[in-house]
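Taking it in order: structure first as structure tokens, then the write-up.
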Amino acid sequence: MTIPPGDLRASEPVPATLAPTLTLRVAEARVEDIGHAIARLAPDDLVRAGARPGDILKITGTTVAVARAELSERGQEGLIQIDGTARSNCGAGLEEQVAVATVEFAQAVGIRLSPLWV
């Protein structure tokens with residue numbers, strides 16, 4: 001995958017097949033993150049997962065969900081802060097363990113919408 005010119009990322013993303021899987025404990029999301037599909041991880045955990053802020057993470061509990069990675073405060077190692085929708089989508093509750101891995105992604109060039117009733 002190539003990075004478009006002007007992208008502020010320092011290097012190519014880690015291929016999903018090589019990305020390490022990390023086990024983290026679920027914590028409550030920040031109020032400002034609710035409804036935005038954001039997963040906050042400590043900087044050290046983000047590095048261990050092979051991700052950077054803005055990357056897409058696959059969160060696996062009893063099912064699978066995805067969220068955008070962002071930084072949490074230091075001292076929050078071993079935690080992933082996600083909202084109730086993400087917890088429901090991945091099938092995990094507060095204080096439960098989930099597996100986290102990066103997902104290869106690309107920015108959409110265009111989308112097509114069509115009505116369902118046609």
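We name chains A, B, ... following the order of the structure tokens; residues begin at 1 in each chain, and ligands are numbered from 1 as shown.
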
Just want the 6 Å neighbourhood of region 26-38 of chain A, counted on only C-alpha atoms, with same-chain residues fewer than 3 positions away dropped. Output as a PyMOL selection string. chain A and resi 67-68+79-83+94-96

Any idea what's packed within 10 Å of Ala51 (chain A), counting only C-alpha atoms, ignoring anything in its chain fewer than 4 positions away? Could you give it as an MDAnalysis selection string? chainID A and resid 13:14 19:20 43 45:47 55:57 69:70 101:103

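Across the model, the gap from CA of Ala42 (chain A) to CA of Glu73 (chain A) is 6.1 Å.
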
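Each of A:Thr21, A:Gln97, A:Asn89, A:Ser114 was compared to Val64 (chain A) using only C-alpha atoms, and A:Asn89 turns out to be the nearest.
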
Residues within 6 Å of Thr60 (chain A), only C-alpha atoms, excluding chain neighbours under 3 positions, as a list in words: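 The neighbour list is Thr63, Val64, Cys90, Val98 and Ala99 of chain A.
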